[in-house]
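Student: Below is the file entry21.cif, which contains mmCIF, C-alpha atoms (C1' of nucleotides).
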```cif
data_structure
loop_
_atom_site.label_atom_id
_atom_site.label_comp_id
_atom_site.auth_asym_id
_atom_site.auth_seq_id
_atom_site.Cartn_x
_atom_site.Cartn_y
_atom_site.Cartn_z
CA MET A 11 120.06 104.08 113.57
CA GLU A 12 118.24 106.45 111.29
CA SER A 13 120.38 105.93 108.22
CA ASP A 14 117.40 104.59 106.30
CA LYS A 15 116.71 107.91 104.63
CA GLN A 16 116.06 106.63 101.15
CA LYS A 17 115.67 108.73 98.06
CA ARG A 18 111.96 109.30 98.04
CA MET A 19 110.36 110.91 95.06
CA LEU A 20 108.53 113.31 97.32
CA ASP A 21 110.89 115.14 99.64
CA LEU A 22 108.58 117.10 101.88
CA SER A 23 111.51 118.33 103.93
CA LYS A 24 112.38 120.68 101.10
CA LEU A 25 109.11 122.58 101.28
CA GLN A 26 109.52 126.00 102.85
CA PHE A 27 106.99 128.71 103.56
CA LYS A 28 107.28 132.26 104.79
CA ILE A 29 104.91 133.34 107.49
CA GLY A 30 102.55 135.08 105.09
CA GLU A 31 102.25 131.99 102.93
CA LEU A 32 101.67 129.69 105.87
CA SER A 33 99.05 132.12 107.13
CA ARG A 34 97.12 132.05 103.86
CA MET A 35 97.51 128.28 103.60
CA THR A 36 96.07 127.62 107.03
CA GLY A 37 93.84 130.56 107.80
CA VAL A 38 95.87 131.34 110.90
CA SER A 39 96.97 134.96 111.29
CA THR A 40 100.62 135.90 111.18
CA ARG A 41 100.15 137.30 114.65
CA GLN A 42 99.08 133.89 115.90
CA LEU A 43 101.88 132.10 114.09
CA ARG A 44 104.49 134.30 115.73
CA TYR A 45 102.81 133.79 119.09
CA TRP A 46 102.61 130.03 118.66
CA GLU A 47 106.26 129.95 117.73
CA LYS A 48 107.18 131.86 120.85
CA LYS A 49 105.14 129.33 122.82
CA ALA A 50 107.12 126.58 121.08
CA PHE A 51 103.90 125.07 119.72
CA ILE A 52 105.42 125.30 116.28
CA ALA A 53 109.04 125.60 115.18
CA ALA A 54 110.53 127.68 112.41
CA LYS A 55 113.79 126.75 110.80
CA GLN A 56 116.82 128.49 112.19
CA ARG A 57 117.18 131.95 110.81
CA GLN A 58 120.53 132.51 109.14
CA GLU A 59 122.53 135.67 109.71
CA GLU A 60 121.22 138.90 111.14
CA GLN A 61 117.85 140.01 109.89
CA ASP A 62 115.82 137.26 108.40
CA ALA A 63 112.27 136.22 107.91
CA ARG A 64 110.93 133.07 109.52
CA VAL A 65 110.85 129.97 107.35
CA PHE A 66 108.49 127.16 108.17
CA GLY A 67 108.59 123.62 106.87
CA PHE A 68 105.97 121.05 105.97
CA ASP A 69 105.92 119.82 109.55
CA ALA A 70 104.86 123.25 110.72
CA TYR A 71 102.15 123.33 108.06
CA VAL A 72 100.74 120.04 109.32
CA LYS A 73 100.91 121.15 112.92
CA VAL A 74 99.28 124.50 112.29
CA SER A 75 96.54 122.94 110.19
CA LEU A 76 95.78 120.43 112.93
CA VAL A 77 95.74 123.00 115.71
CA LYS A 78 93.60 125.33 113.61
CA HIS A 79 91.12 122.56 112.92
CA LEU A 80 90.95 121.58 116.57
CA MET A 81 90.45 125.17 117.66
CA ASP A 82 87.59 125.50 115.19
CA GLU A 83 86.12 122.47 116.92
CA GLY A 84 86.23 124.30 120.22
CA TYR A 85 89.59 123.35 121.67
CA THR A 86 91.66 125.99 123.38
CA LEU A 87 95.09 126.69 121.94
CA SER A 88 96.97 124.70 124.55
CA ALA A 89 94.46 121.84 124.42
CA ALA A 90 94.62 121.76 120.66
CA ASN A 91 98.40 121.73 120.86
CA ASP A 92 98.40 118.77 123.23
CA LYS A 93 95.93 116.80 121.15
CA SER A 94 97.79 117.53 117.93
CA LYS A 95 100.88 115.98 119.45
CA THR A 96 99.21 112.62 119.95
CA LEU A 97 97.51 112.83 116.56
CA ILE A 98 100.84 113.44 114.86
CA GLU A 99 102.47 110.64 116.81
CA ASP A 100 99.68 108.28 115.83
CA ALA A 101 99.99 109.32 112.21
CA LYS A 102 103.72 108.73 112.26
CA TRP A 103 103.21 105.33 113.79
CA ALA A 104 100.58 104.42 111.22
CA HIS A 105 102.88 105.59 108.46
CA HIS A 106 105.74 103.55 109.84
CA PHE A 107 103.46 100.54 110.13
CA ALA A 108 102.03 100.84 106.64
CA ARG A 109 105.47 101.37 105.16
CA GLN A 110 106.70 98.11 106.63
CA ALA A 111 103.53 96.23 105.84
CA PHE A 112 103.68 97.20 102.17
CA HIS A 113 105.26 94.46 100.10
CA GLY A 114 104.19 95.58 96.69
CA ILE A 115 101.14 95.33 94.46
CA GLU A 116 100.62 92.26 92.33
CA ASN A 117 98.36 91.77 89.34
CA VAL A 118 96.71 88.37 89.13
CA ASN A 119 94.03 87.52 86.60
CA GLY A 120 93.40 91.15 85.88
CA ARG A 121 92.85 91.84 89.54
CA ARG A 122 95.29 93.59 91.75
CA ARG A 123 96.15 92.65 95.27
CA LEU A 124 98.27 94.22 97.95
CA ASN A 125 101.01 92.03 99.32
CA LEU A 126 101.18 92.52 103.07
CA GLY A 127 103.91 89.97 103.69
CA PHE A 128 104.14 86.65 105.42
CA ILE A 129 101.93 85.92 108.35
CA ASP A 130 103.94 82.97 109.62
CA ASP A 131 107.53 82.53 110.65
CA ALA A 132 107.91 79.64 108.22
CA HIS A 133 107.13 82.00 105.35
CA GLU A 134 104.57 79.69 103.85
CA GLN A 135 101.55 81.95 103.83
CA VAL A 136 101.12 85.47 102.56
CA LEU A 137 98.49 88.01 103.55
CA TYR A 138 96.88 89.96 100.74
CA GLY A 139 94.58 92.91 100.73
CA VAL A 140 92.09 93.05 97.87
CA THR A 141 89.12 95.16 96.89
CA ASN A 142 85.78 94.27 95.38
CA ASP A 143 83.93 96.18 92.67
CA GLU A 144 82.66 98.67 95.23
CA GLY A 145 86.11 99.39 96.54
CA LYS A 146 85.54 97.64 99.84
CA ILE A 147 88.58 95.82 101.09
CA HIS A 148 88.98 92.35 102.50
CA TYR A 149 91.89 90.06 103.16
CA GLU A 150 93.02 86.75 101.72
CA ILE A 151 95.72 84.32 102.64
CA HIS A 152 97.54 82.44 99.90
CA PRO A 153 100.42 79.97 99.76
CA ALA A 154 103.75 81.68 99.42
CA GLN A 155 104.72 80.29 96.04
CA SER A 156 101.66 81.14 93.98
CA ASN A 157 103.21 84.32 92.69
CA GLN A 158 103.75 83.05 89.17
CA GLU A 159 101.75 85.50 87.08
CA THR A 160 102.84 88.72 88.66
CA SER A 161 102.98 90.71 85.48
CA GLY A 162 104.72 93.94 86.27
CA ASN A 163 102.04 96.27 85.01
"C1'" DG B 24 104.88 144.36 98.89
"C1'" DT B 25 106.43 141.49 103.02
"C1'" DT B 26 108.29 140.67 107.51
"C1'" DC B 27 110.03 142.07 112.18
"C1'" DT B 28 109.54 143.82 116.91
"C1'" DT B 29 107.25 146.40 120.25
"C1'" DA B 30 103.32 148.44 122.21
"C1'" DC B 31 98.51 149.44 123.06
"C1'" DA B 32 92.55 149.54 122.32
"C1'" DT C 28 94.52 138.45 119.35
"C1'" DG C 29 93.97 142.45 116.28
"C1'" DT C 30 96.12 146.41 114.83
"C1'" DA C 31 99.48 150.29 114.34
"C1'" DA C 32 104.10 152.14 114.06
"C1'" DG C 33 108.63 152.59 112.31
"C1'" DA C 34 112.50 150.09 110.27
"C1'" DA C 35 114.68 146.61 107.33
#
```
Show me this structure written as structure tokens.
Tutor:
Amino acid sequence: MESDKQKRMLDLSKLQFKIGELSRMTGVSTRQLRYWEKKAFIAAKQRQEEQDARVFGFDAYVKVSLVKHLMDEGYTLSAANDKSKTLIEDAKWAHHFARQAFHGIENVNGRRRLNLGFIDDAHEQVLYGVTNDEGKIHYEIHPAQSNQETSGN
DNA sequence: GTTCTTACA
DNA sequence: TGTAAGAA
């Protein structure tokens, strides 16, 4: 099912931080990080043999940053933990959505447009996202076969 | 110098 | 949660 692990140029799963690093990165004390781990709010990678220092991954960094931010906003630890869960789920969903929606960037007449794929089952119309001079985005629908001048820039 | 666990103001 | 202690 999940065999679609392609070779991405950015492999965030390889990032590893010791507790001191994660603490400095997020502004959360090492004391808190150990406590949060015990509470299962964050997870450290499995420690190898006997004595070992905790190793956190990018996912932990994101989680800690979110919880820290929420606590600064006034949330309690447990409340911040709960809210961070939904935020992370939403972000994952949005990422999944955007990843599927992305069909490449095309250059036409010096302008670039984002191909968002067909909007009809007959595959006759394509949805594009474009920006104006101020960077504001809008959408356009074009016939499917007008992709002649897609100079690979 | 850093991290770990346990305990206490 | 901060901080201290003693050990790794």
Student: For a quick test of understanding: name the residues of chain A lying within 10 Å of chain C when counting all atoms listed in the file, and present them as a list in words.
Tutor: Ser39, Arg41, Gln42, Tyr45, Gln61 and Asp62 of chain A
Student: Would you compute the distance between CA of Gly145 (chain A) and CA of Leu20 (chain A)? Give it in Å to one decimal.
Tutor: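 CA of Gly145 (chain A) sits 26.4 Å away from CA of Leu20 (chain A).
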Student: I'd like to see the residues matched by the PyMOL selection byres ((chain A) within 9 of (chain B)) on this file, and ideally I'd get them as an NGL selection string.
Tutor: :A and (28-30 or 61-64)
Student: So how far away is CA of His113 (chain A) from CA of Gly127 (chain A), in Å?
Tutor: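 So the answer is 5.9 Å.
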Student: Have a look at CA of Ala89 (chain A) and CA of Ala104 (chain A) and let me know their distance in Å, one decimal.
Tutor: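 Taking CA of Ala89 (chain A) and CA of Ala104 (chain A), their separation equals 22.7 Å.
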Student: Applying 8 Å and all atoms listed in the file, which residues near region 69-83 of chain A remain after dropping the ones on its own chain fewer than 4 positions away? List them as a list in words.
Tutor: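 Skipping anything fewer than 4 positions along the chain leaves Leu32, Thr36, Gly37, Val38, Ile52, Ala53, Ala54, Leu87, Ala90, Asn91, Ser94 and Ile98 of chain A.
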Student: Regenerate region 29-40 of chain A at the level of all heavy atoms and dump it as a PDB file, keeping the file's coordinate frame.
Tutor:
```pdb
ATOM      1  N   ILE A  29     106.037 133.257 106.562  1.00  0.00           N
ATOM      2  CA  ILE A  29     104.910 133.340 107.490  1.00  0.00           C
ATOM      3  C   ILE A  29     103.619 133.754 106.798  1.00  0.00           C
ATOM      4  O   ILE A  29     102.532 133.289 107.154  1.00  0.00           O
ATOM      5  CB  ILE A  29     105.247 134.310 108.653  1.00  0.00           C
ATOM      6  CG1 ILE A  29     104.234 134.136 109.776  1.00  0.00           C
ATOM      7  CG2 ILE A  29     105.330 135.742 108.159  1.00  0.00           C
ATOM      8  CD1 ILE A  29     104.594 134.861 111.032  1.00  0.00           C
ATOM      9  N   GLY A  30     103.738 134.635 105.812  1.00  0.00           N
ATOM     10  CA  GLY A  30     102.550 135.080 105.090  1.00  0.00           C
ATOM     11  C   GLY A  30     101.912 133.952 104.302  1.00  0.00           C
ATOM     12  O   GLY A  30     100.686 133.822 104.252  1.00  0.00           O
ATOM     13  N   GLU A  31     102.753 133.124 103.693  1.00  0.00           N
ATOM     14  CA  GLU A  31     102.250 131.990 102.930  1.00  0.00           C
ATOM     15  C   GLU A  31     101.551 130.999 103.857  1.00  0.00           C
ATOM     16  O   GLU A  31     100.428 130.562 103.585  1.00  0.00           O
ATOM     17  CB  GLU A  31     103.409 131.297 102.211  1.00  0.00           C
ATOM     18  CG  GLU A  31     104.150 132.188 101.236  1.00  0.00           C
ATOM     19  CD  GLU A  31     105.339 131.478 100.617  1.00  0.00           C
ATOM     20  OE1 GLU A  31     106.304 131.172 101.352  1.00  0.00           O
ATOM     21  OE2 GLU A  31     105.302 131.222  99.410  1.00  0.00           O
ATOM     22  N   LEU A  32     102.238 130.655 104.934  1.00  0.00           N
ATOM     23  CA  LEU A  32     101.670 129.690 105.870  1.00  0.00           C
ATOM     24  C   LEU A  32     100.348 130.211 106.423  1.00  0.00           C
ATOM     25  O   LEU A  32      99.408 129.439 106.627  1.00  0.00           O
ATOM     26  CB  LEU A  32     102.660 129.451 107.020  1.00  0.00           C
ATOM     27  CG  LEU A  32     102.264 128.367 108.015  1.00  0.00           C
ATOM     28  CD1 LEU A  32     102.074 127.034 107.312  1.00  0.00           C
ATOM     29  CD2 LEU A  32     103.322 128.240 109.112  1.00  0.00           C
ATOM     30  N   SER A  33     100.275 131.507 106.629  1.00  0.00           N
ATOM     31  CA  SER A  33      99.050 132.120 107.130  1.00  0.00           C
ATOM     32  C   SER A  33      97.896 131.934 106.143  1.00  0.00           C
ATOM     33  O   SER A  33      96.795 131.537 106.524  1.00  0.00           O
ATOM     34  CB  SER A  33      99.278 133.607 107.394  1.00  0.00           C
ATOM     35  OG  SER A  33      98.065 134.238 107.777  1.00  0.00           O
ATOM     36  N   ARG A  34      98.168 132.208 104.873  1.00  0.00           N
ATOM     37  CA  ARG A  34      97.120 132.050 103.860  1.00  0.00           C
ATOM     38  C   ARG A  34      96.749 130.592 103.660  1.00  0.00           C
ATOM     39  O   ARG A  34      95.590 130.247 103.413  1.00  0.00           O
ATOM     40  CB  ARG A  34      97.590 132.655 102.524  1.00  0.00           C
ATOM     41  CG  ARG A  34      97.664 134.183 102.527  1.00  0.00           C
ATOM     42  CD  ARG A  34      97.936 134.712 101.133  1.00  0.00           C
ATOM     43  NE  ARG A  34      99.272 134.372 100.658  1.00  0.00           N
ATOM     44  CZ  ARG A  34     100.318 135.185 100.729  1.00  0.00           C
ATOM     45  NH1 ARG A  34     100.179 136.382 101.255  1.00  0.00           N
ATOM     46  NH2 ARG A  34     101.494 134.804 100.274  1.00  0.00           N
ATOM     47  N   MET A  35      97.748 129.717 103.789  1.00  0.00           N
ATOM     48  CA  MET A  35      97.510 128.280 103.600  1.00  0.00           C
ATOM     49  C   MET A  35      96.606 127.708 104.679  1.00  0.00           C
ATOM     50  O   MET A  35      95.829 126.778 104.429  1.00  0.00           O
ATOM     51  CB  MET A  35      98.838 127.524 103.601  1.00  0.00           C
ATOM     52  CG  MET A  35      99.713 127.802 102.396  1.00  0.00           C
ATOM     53  SD  MET A  35     101.416 127.291 102.660  1.00  0.00           S
ATOM     54  CE  MET A  35     101.245 125.532 102.918  1.00  0.00           C
ATOM     55  N   THR A  36      96.747 128.230 105.892  1.00  0.00           N
ATOM     56  CA  THR A  36      96.070 127.620 107.030  1.00  0.00           C
ATOM     57  C   THR A  36      94.914 128.446 107.583  1.00  0.00           C
ATOM     58  O   THR A  36      94.104 127.936 108.338  1.00  0.00           O
ATOM     59  CB  THR A  36      97.068 127.372 108.168  1.00  0.00           C
ATOM     60  OG1 THR A  36      97.642 128.639 108.564  1.00  0.00           O
ATOM     61  CG2 THR A  36      98.177 126.443 107.706  1.00  0.00           C
ATOM     62  N   GLY A  37      94.876 129.711 107.231  1.00  0.00           N
ATOM     63  CA  GLY A  37      93.840 130.560 107.800  1.00  0.00           C
ATOM     64  C   GLY A  37      94.165 131.034 109.198  1.00  0.00           C
ATOM     65  O   GLY A  37      93.304 131.530 109.911  1.00  0.00           O
ATOM     66  N   VAL A  38      95.408 130.868 109.592  1.00  0.00           N
ATOM     67  CA  VAL A  38      95.870 131.340 110.900  1.00  0.00           C
ATOM     68  C   VAL A  38      96.648 132.640 110.697  1.00  0.00           C
ATOM     69  O   VAL A  38      97.505 132.719 109.820  1.00  0.00           O
ATOM     70  CB  VAL A  38      96.777 130.288 111.573  1.00  0.00           C
ATOM     71  CG1 VAL A  38      97.334 130.807 112.889  1.00  0.00           C
ATOM     72  CG2 VAL A  38      95.992 128.997 111.794  1.00  0.00           C
ATOM     73  N   SER A  39      96.347 133.657 111.484  1.00  0.00           N
ATOM     74  CA  SER A  39      96.970 134.960 111.290  1.00  0.00           C
ATOM     75  C   SER A  39      98.474 134.910 111.563  1.00  0.00           C
ATOM     76  O   SER A  39      98.962 134.068 112.323  1.00  0.00           O
ATOM     77  CB  SER A  39      96.324 135.994 112.218  1.00  0.00           C
ATOM     78  OG  SER A  39      96.654 135.741 113.563  1.00  0.00           O
ATOM     79  N   THR A  40      99.179 135.842 110.954  1.00  0.00           N
ATOM     80  CA  THR A  40     100.620 135.900 111.180  1.00  0.00           C
ATOM     81  C   THR A  40     100.916 136.216 112.646  1.00  0.00           C
ATOM     82  O   THR A  40     101.916 135.774 113.192  1.00  0.00           O
ATOM     83  CB  THR A  40     101.266 136.983 110.287  1.00  0.00           C
ATOM     84  OG1 THR A  40     100.674 138.256 110.575  1.00  0.00           O
ATOM     85  CG2 THR A  40     101.084 136.649 108.813  1.00  0.00           C
TER      86      THR A  40
END
```
